[in-house]
Amino acid sequence: MFRKALHFLTFGAPGLLAFLVFVLIPIGMTVWTGFTNRNPANPPTRWVGLENYTHLLQDSDVTGALKNTLIITVIVTVAANVLGLAIAQLLDRRGWLYNALRSVFFTPVVLSSVVVSVIWQAILADDGLLNSALRGLHVTHPPGWLSDPDLALYSVAFILTWQVLGFCVVVYLAGLAGVPAELLEAAEIDGAGRVTRFRHVTWPMLAPALTINTVMLLITGFKAYDQIQVITNGGPGNGTTSTIAFQVVQTTFTGNHIGYGAAMATLMLVIIAAISVLALRILQRREVTL
């Protein structure tokens with residue numbers, strides 16, 4: 001037992017120490033700070049209990065940011081899963097062309113979110129490439145993709161979907177590679193068409209890939225910040241594209257309301273954890289039933 005413990009400490013201690021220092025301790029400090037009124041511009045810091053959380057439920061900026069976050073998360077999760085599966089089906093072939101296309105689709109995933117945001121801002125701006133092309137096609141009043149309050153949030157959701165799409169494609173391609181060819185051949189011999197084979201053979205085998213993509217996309221959607229900061233800065237108008245992560249940064253570092261921002265961050269952590277665990281359990285149960 002001593003040798004096993006020694007081996008565990010030898011190999012596991014560095015990772016556990018890093019996890020403790022960079023994850024658990026900051027989370028604990030954030031939770032504790034959320035119960036205070038900490039504000040460097042208005043000392044001293046005192047314990048306020050649940051006052052910050054009570055105010056969160058009545059803060060229209062927070063509820064609006066949470067609504068925007070939910071909209072972005074739903075769009076990204078559904079669109080990236082559907083498009084990722086469709087593209088993976090098209091790329092599930094051998095040949096140098098398909099290998100090259102796989103690399104092309106995965107490229108946005110490895111790019112910095114800031115770089116992606118700057119590129120798409122240049123494309124979707126009122127005088128950007130897309131609207132210039134539309135004017136060249138005699139569209140007199142092209143849409144304000146980023147300046148119209150009714151469109152800006154969906155434009156940001158589209159950009160985020162575009163960036164994470166390659167990840168979904170790769171995961172589904174890995175899932176498709178794990179589908180036994182014997183099952184597909186047997187179904188084809190039995191007279192099953194392409195749609196039937198996909199529905200009763202391929203789709204059930206892709207359940208683990210769906211679980212991975214859905215959970216990762218849910219987390220990505222709820223943490224959306226870079227695109228908001230670079231492209232719209234929460235606008236146009238008053239918080240039309242503000243997300244909960246954006247609101248946390250603005251409240252904590254711009255407004256210096258560190259205690260209130262910590263409470264907001266804790267709420268965000270609880271929501272992400274709850275939704276991720278719920279989605280994981282539902283999807284894993286689906287894997288077993290299939």
# chains A, B, ... in the order shown; residues from 1 in each chain; ligands from 1
$ residues_around --residues "Gly175 (chain A)" --least-positions-apart "4" --cutoff "12 Å" --atoms "only C-alpha atoms" --output "ChimeraX atom specification"
/A:84-85,88-89,92,168-171,179-180,202-213
$ residues_around --residues "Pro143 (chain A)" --least-positions-apart "6" --cutoff "12 Å" --atoms "only C-alpha atoms" --output "list in words"
Leu124, Ala125, Asp126, Asp127, Gly128, Leu130, Asn131, Ser132, Leu134, Arg135, Pro149, Asp150, Leu151, Ala152 and Ser155 of chain A
$ residues_around --residues "Glu185 (chain A)" --least-positions-apart "5" --cutoff "12 Å" --atoms "only C-alpha atoms" --output "PyMOL selection string"
chain A and resi 179-180+190-194+197+201-202
$ write_last_selection --atoms "all heavy atoms" --output "PDB file, in the first residue's frame"
ATOM      1  N   VAL A 179     -18.188   2.855 -37.095  1.00  0.00           N
ATOM      2  CA  VAL A 179     -19.377   2.078 -37.475  1.00  0.00           C
ATOM      3  C   VAL A 179     -18.929   0.828 -38.247  1.00  0.00           C
ATOM      4  O   VAL A 179     -18.286   0.960 -39.295  1.00  0.00           O
ATOM      5  CB  VAL A 179     -20.330   2.921 -38.343  1.00  0.00           C
ATOM      6  CG1 VAL A 179     -21.542   2.084 -38.775  1.00  0.00           C
ATOM      7  CG2 VAL A 179     -20.785   4.159 -37.575  1.00  0.00           C
ATOM      8  N   PRO A 180     -19.230  -0.366 -37.768  1.00  0.00           N
ATOM      9  CA  PRO A 180     -18.781  -1.585 -38.460  1.00  0.00           C
ATOM     10  C   PRO A 180     -19.348  -1.672 -39.874  1.00  0.00           C
ATOM     11  O   PRO A 180     -20.563  -1.532 -40.078  1.00  0.00           O
ATOM     12  CB  PRO A 180     -19.326  -2.716 -37.575  1.00  0.00           C
ATOM     13  CG  PRO A 180     -19.550  -2.090 -36.242  1.00  0.00           C
ATOM     14  CD  PRO A 180     -19.953  -0.674 -36.525  1.00  0.00           C
ATOM     15  N   ASP A 190     -30.231  -6.752 -46.760  1.00  0.00           N
ATOM     16  CA  ASP A 190     -31.629  -6.938 -46.350  1.00  0.00           C
ATOM     17  C   ASP A 190     -32.576  -5.974 -47.037  1.00  0.00           C
ATOM     18  O   ASP A 190     -33.790  -6.005 -46.784  1.00  0.00           O
ATOM     19  CB  ASP A 190     -31.754  -6.765 -44.832  1.00  0.00           C
ATOM     20  CG  ASP A 190     -31.124  -7.926 -44.078  1.00  0.00           C
ATOM     21  OD1 ASP A 190     -30.936  -8.998 -44.700  1.00  0.00           O
ATOM     22  OD2 ASP A 190     -30.798  -7.757 -42.891  1.00  0.00           O
ATOM     23  N   GLY A 191     -32.045  -5.089 -47.878  1.00  0.00           N
ATOM     24  CA  GLY A 191     -32.895  -4.183 -48.643  1.00  0.00           C
ATOM     25  C   GLY A 191     -33.073  -2.808 -48.042  1.00  0.00           C
ATOM     26  O   GLY A 191     -33.909  -2.026 -48.516  1.00  0.00           O
ATOM     27  N   ALA A 192     -32.305  -2.488 -47.009  1.00  0.00           N
ATOM     28  CA  ALA A 192     -32.424  -1.171 -46.379  1.00  0.00           C
ATOM     29  C   ALA A 192     -31.794  -0.111 -47.276  1.00  0.00           C
ATOM     30  O   ALA A 192     -30.669  -0.283 -47.762  1.00  0.00           O
ATOM     31  CB  ALA A 192     -31.739  -1.176 -45.014  1.00  0.00           C
ATOM     32  N   GLY A 193     -32.504   0.982 -47.482  1.00  0.00           N
ATOM     33  CA  GLY A 193     -31.974   2.092 -48.266  1.00  0.00           C
ATOM     34  C   GLY A 193     -30.993   2.918 -47.470  1.00  0.00           C
ATOM     35  O   GLY A 193     -30.712   2.639 -46.306  1.00  0.00           O
ATOM     36  N   ARG A 194     -30.475   3.989 -48.093  1.00  0.00           N
ATOM     37  CA  ARG A 194     -29.465   4.814 -47.433  1.00  0.00           C
ATOM     38  C   ARG A 194     -30.020   5.486 -46.188  1.00  0.00           C
ATOM     39  O   ARG A 194     -29.361   5.522 -45.145  1.00  0.00           O
ATOM     40  CB  ARG A 194     -28.951   5.855 -48.421  1.00  0.00           C
ATOM     41  CG  ARG A 194     -27.900   6.778 -47.831  1.00  0.00           C
ATOM     42  CD  ARG A 194     -27.296   7.678 -48.895  1.00  0.00           C
ATOM     43  NE  ARG A 194     -26.619   6.901 -49.931  1.00  0.00           N
ATOM     44  CZ  ARG A 194     -25.996   7.451 -50.969  1.00  0.00           C
ATOM     45  NH1 ARG A 194     -26.007   8.768 -51.127  1.00  0.00           N
ATOM     46  NH2 ARG A 194     -25.403   6.690 -51.865  1.00  0.00           N
ATOM     47  N   ARG A 197     -30.558   2.841 -43.457  1.00  0.00           N
ATOM     48  CA  ARG A 197     -29.287   2.412 -42.869  1.00  0.00           C
ATOM     49  C   ARG A 197     -28.755   3.460 -41.904  1.00  0.00           C
ATOM     50  O   ARG A 197     -28.230   3.133 -40.841  1.00  0.00           O
ATOM     51  CB  ARG A 197     -28.254   2.138 -43.969  1.00  0.00           C
ATOM     52  CG  ARG A 197     -28.570   0.930 -44.829  1.00  0.00           C
ATOM     53  CD  ARG A 197     -27.324   0.452 -45.568  1.00  0.00           C
ATOM     54  NE  ARG A 197     -26.728   1.480 -46.407  1.00  0.00           N
ATOM     55  CZ  ARG A 197     -27.072   1.709 -47.668  1.00  0.00           C
ATOM     56  NH1 ARG A 197     -28.033   0.978 -48.240  1.00  0.00           N
ATOM     57  NH2 ARG A 197     -26.478   2.653 -48.372  1.00  0.00           N
ATOM     58  N   VAL A 201     -28.720   2.102 -38.188  1.00  0.00           N
ATOM     59  CA  VAL A 201     -27.374   1.564 -37.968  1.00  0.00           C
ATOM     60  C   VAL A 201     -26.388   2.678 -37.600  1.00  0.00           C
ATOM     61  O   VAL A 201     -25.782   2.653 -36.531  1.00  0.00           O
ATOM     62  CB  VAL A 201     -26.863   0.811 -39.223  1.00  0.00           C
ATOM     63  CG1 VAL A 201     -25.453   0.272 -38.962  1.00  0.00           C
ATOM     64  CG2 VAL A 201     -27.807  -0.329 -39.583  1.00  0.00           C
ATOM     65  N   THR A 202     -26.259   3.660 -38.483  1.00  0.00           N
ATOM     66  CA  THR A 202     -25.236   4.693 -38.275  1.00  0.00           C
ATOM     67  C   THR A 202     -25.575   5.609 -37.109  1.00  0.00           C
ATOM     68  O   THR A 202     -24.731   5.856 -36.230  1.00  0.00           O
ATOM     69  CB  THR A 202     -25.065   5.537 -39.558  1.00  0.00           C
ATOM     70  OG1 THR A 202     -24.761   4.675 -40.653  1.00  0.00           O
ATOM     71  CG2 THR A 202     -23.957   6.552 -39.392  1.00  0.00           C
TER      72      THR A 202
END
$ closest_atom_pairs --of "region 7-78 of chain A" --to "region 249-258 of chain A" --cutoff "10 Å" --atoms "only C-alpha atoms" --output "Markdown table"
| residue | atom | partner | partner_atom | distance |
| --- | --- | --- | --- | --- |
| A:Thr30 | CA | A:Ile258 | CA | 9.3 |
| A:Thr33 | CA | A:Ile258 | CA | 7.5 |
| A:Gly34 | CA | A:Ile258 | CA | 7.9 |
| A:Thr36 | CA | A:Ile258 | CA | 8.7 |
| A:Asn37 | CA | A:Ile258 | CA | 7.4 |
| A:Arg38 | CA | A:Ile258 | CA | 5.4 |
| A:Asn39 | CA | A:His257 | CA | 5.1 |
| A:Pro40 | CA | A:Asn256 | CA | 6.6 |
| A:Ala41 | CA | A:Asn256 | CA | 7.0 |
| A:Asn42 | CA | A:Asn256 | CA | 9.1 |
$ write_last_selection --atoms "N, CA and C atoms" --output "tab-separated table (two decimals), in the first residue's frame"
chain	number	residue	atom	x	y	z
A	30	THR	N	-13.44	32.76	-5.56
A	30	THR	CA	-14.54	33.44	-6.27
A	30	THR	C	-15.85	33.28	-5.52
A	33	THR	N	-15.73	35.46	-2.42
A	33	THR	CA	-15.83	36.88	-2.76
A	33	THR	C	-17.26	37.25	-3.14
A	34	GLY	N	-18.02	36.28	-3.69
A	34	GLY	CA	-19.40	36.55	-4.07
A	34	GLY	C	-20.31	36.86	-2.90
A	36	THR	N	-19.36	38.91	-0.53
A	36	THR	CA	-18.87	40.18	0.02
A	36	THR	C	-19.23	41.33	-0.91
A	37	ASN	N	-18.98	42.53	-0.47
A	37	ASN	CA	-19.22	43.72	-1.29
A	37	ASN	C	-17.91	44.29	-1.81
A	38	ARG	N	-16.92	43.46	-2.05
A	38	ARG	CA	-15.57	43.91	-2.39
A	38	ARG	C	-15.59	44.87	-3.58
A	39	ASN	N	-15.01	46.03	-3.38
A	39	ASN	CA	-14.90	47.07	-4.42
A	39	ASN	C	-13.70	47.94	-4.07
A	40	PRO	N	-12.61	47.84	-4.84
A	40	PRO	CA	-11.41	48.63	-4.51
A	40	PRO	C	-11.68	50.13	-4.42
A	41	ALA	N	-12.69	50.60	-5.14
A	41	ALA	CA	-12.99	52.04	-5.13
A	41	ALA	C	-13.86	52.43	-3.95
A	42	ASN	N	-14.36	51.43	-3.20
A	42	ASN	CA	-15.27	51.74	-2.09
A	42	ASN	C	-15.00	50.79	-0.92
$ residues_around --residues "Leu66 (chain A)" --least-positions-apart "5" --cutoff "9 Å" --atoms "only C-alpha atoms" --output "ChimeraX atom specification"
/A:61,71,222,242-244,268
$ residues_around --residues "Leu165 (chain A)" --least-positions-apart "4" --cutoff "9 Å" --atoms "only C-alpha atoms" --output "PDB file with C-alpha atoms, in the first residue's frame"
ATOM      1  CA  VAL A  76     -24.659  26.937 -31.578  1.00  0.00           C
ATOM      2  CA  ALA A  79     -26.655  24.239 -35.763  1.00  0.00           C
ATOM      3  CA  ALA A  80     -23.137  22.913 -35.172  1.00  0.00           C
ATOM      4  CA  ASN A  81     -24.431  19.400 -34.471  1.00  0.00           C
ATOM      5  CA  LEU A  83     -24.161  20.864 -39.935  1.00  0.00           C
ATOM      6  CA  GLY A  84     -21.254  18.947 -38.421  1.00  0.00           C
ATOM      7  CA  PHE A 105     -12.994  22.681 -41.977  1.00  0.00           C
ATOM      8  CA  PHE A 106     -10.840  22.196 -38.870  1.00  0.00           C
ATOM      9  CA  PRO A 108     -11.138  27.770 -37.674  1.00  0.00           C
ATOM     10  CA  VAL A 109     -10.957  25.648 -34.511  1.00  0.00           C
ATOM     11  CA  LEU A 160     -19.355  31.124 -33.034  1.00  0.00           C
ATOM     12  CA  THR A 161     -21.004  28.218 -34.862  1.00  0.00           C
ATOM     13  CA  VAL A 169     -17.008  17.418 -37.952  1.00  0.00           C
ATOM     14  CA  VAL A 170     -13.882  15.715 -36.607  1.00  0.00           C
TER      15      VAL A 170
END
$ closest_residue --among "A:Phe2, A:Trp47, A:Tyr154, A:Trp96" --to "Ile72 (chain A)" --atoms "only C-alpha atoms"
A:Tyr154
$ residues_around --residues "Phe246 (chain A)" --least-positions-apart "5" --cutoff "9 Å" --atoms "only C-alpha atoms" --output "PyMOL selection string"
chain A and resi 65+223-226+228-229+233-234+251
$ decode --residues "region 263-280 of chain A" --atoms "N, CA and C atoms" --output "PDB file, in the first residue's frame"
ATOM      1  N   ALA A 263     -20.170  36.919  -7.634  1.00  0.00           N
ATOM      2  CA  ALA A 263     -21.462  36.239  -7.474  1.00  0.00           C
ATOM      3  C   ALA A 263     -22.045  35.862  -8.830  1.00  0.00           C
ATOM      4  N   MET A 264     -21.892  36.767  -9.799  1.00  0.00           N
ATOM      5  CA  MET A 264     -22.369  36.490 -11.152  1.00  0.00           C
ATOM      6  C   MET A 264     -21.598  35.320 -11.773  1.00  0.00           C
ATOM      7  N   ALA A 265     -20.272  35.301 -11.562  1.00  0.00           N
ATOM      8  CA  ALA A 265     -19.450  34.214 -12.085  1.00  0.00           C
ATOM      9  C   ALA A 265     -19.812  32.889 -11.428  1.00  0.00           C
ATOM     10  N   THR A 266     -20.103  32.916 -10.139  1.00  0.00           N
ATOM     11  CA  THR A 266     -20.512  31.698  -9.432  1.00  0.00           C
ATOM     12  C   THR A 266     -21.837  31.179  -9.975  1.00  0.00           C
ATOM     13  N   LEU A 267     -22.771  32.094 -10.226  1.00  0.00           N
ATOM     14  CA  LEU A 267     -24.046  31.697 -10.822  1.00  0.00           C
ATOM     15  C   LEU A 267     -23.832  31.071 -12.186  1.00  0.00           C
ATOM     16  N   MET A 268     -22.949  31.663 -12.982  1.00  0.00           N
ATOM     17  CA  MET A 268     -22.645  31.116 -14.299  1.00  0.00           C
ATOM     18  C   MET A 268     -22.043  29.720 -14.187  1.00  0.00           C
ATOM     19  N   LEU A 269     -21.142  29.528 -13.230  1.00  0.00           N
ATOM     20  CA  LEU A 269     -20.528  28.219 -13.015  1.00  0.00           C
ATOM     21  C   LEU A 269     -21.569  27.179 -12.642  1.00  0.00           C
ATOM     22  N   VAL A 270     -22.488  27.542 -11.763  1.00  0.00           N
ATOM     23  CA  VAL A 270     -23.538  26.600 -11.330  1.00  0.00           C
ATOM     24  C   VAL A 270     -24.435  26.230 -12.496  1.00  0.00           C
ATOM     25  N   ILE A 271     -24.807  27.219 -13.319  1.00  0.00           N
ATOM     26  CA  ILE A 271     -25.680  26.945 -14.456  1.00  0.00           C
ATOM     27  C   ILE A 271     -24.989  26.031 -15.459  1.00  0.00           C
ATOM     28  N   ILE A 272     -23.719  26.340 -15.789  1.00  0.00           N
ATOM     29  CA  ILE A 272     -22.982  25.506 -16.740  1.00  0.00           C
ATOM     30  C   ILE A 272     -22.841  24.086 -16.221  1.00  0.00           C
ATOM     31  N   ALA A 273     -22.484  23.955 -14.936  1.00  0.00           N
ATOM     32  CA  ALA A 273     -22.310  22.616 -14.355  1.00  0.00           C
ATOM     33  C   ALA A 273     -23.621  21.841 -14.366  1.00  0.00           C
ATOM     34  N   ALA A 274     -24.720  22.503 -13.999  1.00  0.00           N
ATOM     35  CA  ALA A 274     -26.012  21.817 -13.940  1.00  0.00           C
ATOM     36  C   ALA A 274     -26.469  21.361 -15.323  1.00  0.00           C
ATOM     37  N   ILE A 275     -26.370  22.258 -16.303  1.00  0.00           N
ATOM     38  CA  ILE A 275     -26.804  21.912 -17.656  1.00  0.00           C
ATOM     39  C   ILE A 275     -25.905  20.829 -18.251  1.00  0.00           C
ATOM     40  N   SER A 276     -24.604  20.908 -18.004  1.00  0.00           N
ATOM     41  CA  SER A 276     -23.679  19.910 -18.547  1.00  0.00           C
ATOM     42  C   SER A 276     -23.933  18.534 -17.948  1.00  0.00           C
ATOM     43  N   VAL A 277     -24.119  18.481 -16.637  1.00  0.00           N
ATOM     44  CA  VAL A 277     -24.383  17.196 -15.978  1.00  0.00           C
ATOM     45  C   VAL A 277     -25.707  16.624 -16.448  1.00  0.00           C
ATOM     46  N   LEU A 278     -26.739  17.479 -16.546  1.00  0.00           N
ATOM     47  CA  LEU A 278     -28.047  17.005 -17.005  1.00  0.00           C
ATOM     48  C   LEU A 278     -27.960  16.468 -18.432  1.00  0.00           C
ATOM     49  N   ALA A 279     -27.323  17.227 -19.323  1.00  0.00           N
ATOM     50  CA  ALA A 279     -27.191  16.785 -20.716  1.00  0.00           C
ATOM     51  C   ALA A 279     -26.377  15.503 -20.802  1.00  0.00           C
ATOM     52  N   LEU A 280     -25.316  15.410 -19.999  1.00  0.00           N
ATOM     53  CA  LEU A 280     -24.465  14.221 -20.031  1.00  0.00           C
ATOM     54  C   LEU A 280     -25.235  12.991 -19.582  1.00  0.00           C
TER      55      LEU A 280
END
